[in-house]
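Asker: I am attaching a structure below and will ask some questions about it afterwards.
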Amino acid sequence: MQEDATLEPMRQQVRDAVLGIAPEADLAHLDPRASLREQLDLDSFDFLNLLIALHERLGVEVPEADYGKVDGLDALAAYLVVHLATHRSAPAPPS
């Protein structure tokens, strides 16, 4: 499936970032459609640190208004793919 091929590298970016925040996380049994926060018992601070880590890795900032849209692995990966493409195609700010 083409969509899965596009999303899988981003899912791995998210998994890697999760392990940086919660190294004890069991990612083998993670439901990609269910809440990351609930499955991994991440509090608000951990979730924010996850989004910060992804911003540092990828350059994509997730505004607070979008937090509810990116709670699952698949939702977060899809959001990052779309916004990374937008971020890369945006013109550079004037110097």
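Within each chain, counting starts at residue 1; across the structure tokens, chains are named A, B, ... in the order shown, with ligands numbered 1 upward in that order.
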Residues within 10 Å of Leu30 (chain A), please, as a PyMOL selection string. Count only C-alpha atoms; anything in the same chain fewer than 6 positions from it doesn't count.

Answerer: chain A and resi 15+36+39-40+72-73

Asker: Would you save the residues from that selection as a short mmCIF file (atom, residue, chain, number, x, y, z; two decimals), in the first residue's frame, using N, CA and C atoms?

Answerer:
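Written file, selection-v1.cif:
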```cif
data_model
loop_
_atom_site.label_atom_id
_atom_site.label_comp_id
_atom_site.auth_asym_id
_atom_site.auth_seq_id
_atom_site.Cartn_x
_atom_site.Cartn_y
_atom_site.Cartn_z
N ARG A 15 8.26 6.59 16.89
CA ARG A 15 8.67 5.54 17.84
C ARG A 15 10.02 5.88 18.48
N LEU A 36 -1.69 7.44 22.08
CA LEU A 36 -0.34 7.20 22.60
C LEU A 36 -0.27 7.50 24.09
N GLN A 39 -1.99 4.60 26.00
CA GLN A 39 -1.29 3.32 25.89
C GLN A 39 0.05 3.33 26.61
N LEU A 40 0.73 4.46 26.58
CA LEU A 40 2.07 4.54 27.15
C LEU A 40 2.10 5.27 28.48
N GLY A 72 -2.68 9.66 18.36
CA GLY A 72 -2.33 8.29 17.97
C GLY A 72 -1.08 8.26 17.10
N LEU A 73 -0.42 7.13 17.04
CA LEU A 73 0.78 6.98 16.23
C LEU A 73 0.50 7.30 14.77
#
```

Asker: Any chance you could list, as a ChimeraX atom specification, the residues in chain A that come up helix (DSSP H, G or I) when DSSP is run on the backbone?

Answerer: /A:2-21,36-40,44-58,64-69,73-89

Asker: I'd like the interatomic distance between CA of Pro9 (chain A) and CA of Val81 (chain A), to a tenth of an Å.

Answerer: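 Calculated distance between CA of Pro9 (chain A) and CA of Val81 (chain A) is 9.5 Å.
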
Asker: Could you name the residues that touch Leu19 (chain A) at 12 Å or less, counting only C-alpha atoms, but leaving out those on the same chain fewer than 5 positions away, as a count of residues only?

Answerer: 15

Asker: My list of candidates is A:Glu61, A:Asp71, A:Asp31, A:Asp66. Which is closest to Asp43 (chain A) when distances are computed with only C-alpha atoms?

Answerer: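 With only C-alpha atoms as the atom set, the closest residue is A:Asp71.
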
Asker: Please identify all polymer residues within 12 Å of Gly59 (chain A), counting only C-alpha atoms, omitting same-chain residues fewer than 6 positions from it, and present them as a ChimeraX atom specification.

Answerer: /A:51-53,80-81,83-88

Asker: Counting only C-alpha atoms, which of A:Val18, A:Leu48, A:Val60, A:Ala65 gets nearest to Val82 (chain A)?

Answerer: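 Counting only C-alpha atoms, the residue closest to Val82 (chain A) is A:Val60.
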
Asker: Calculate how many Å separate CA of His29 (chain A) from CA of Glu56 (chain A), rounding to one decimal.

Answerer: 26.4 Å
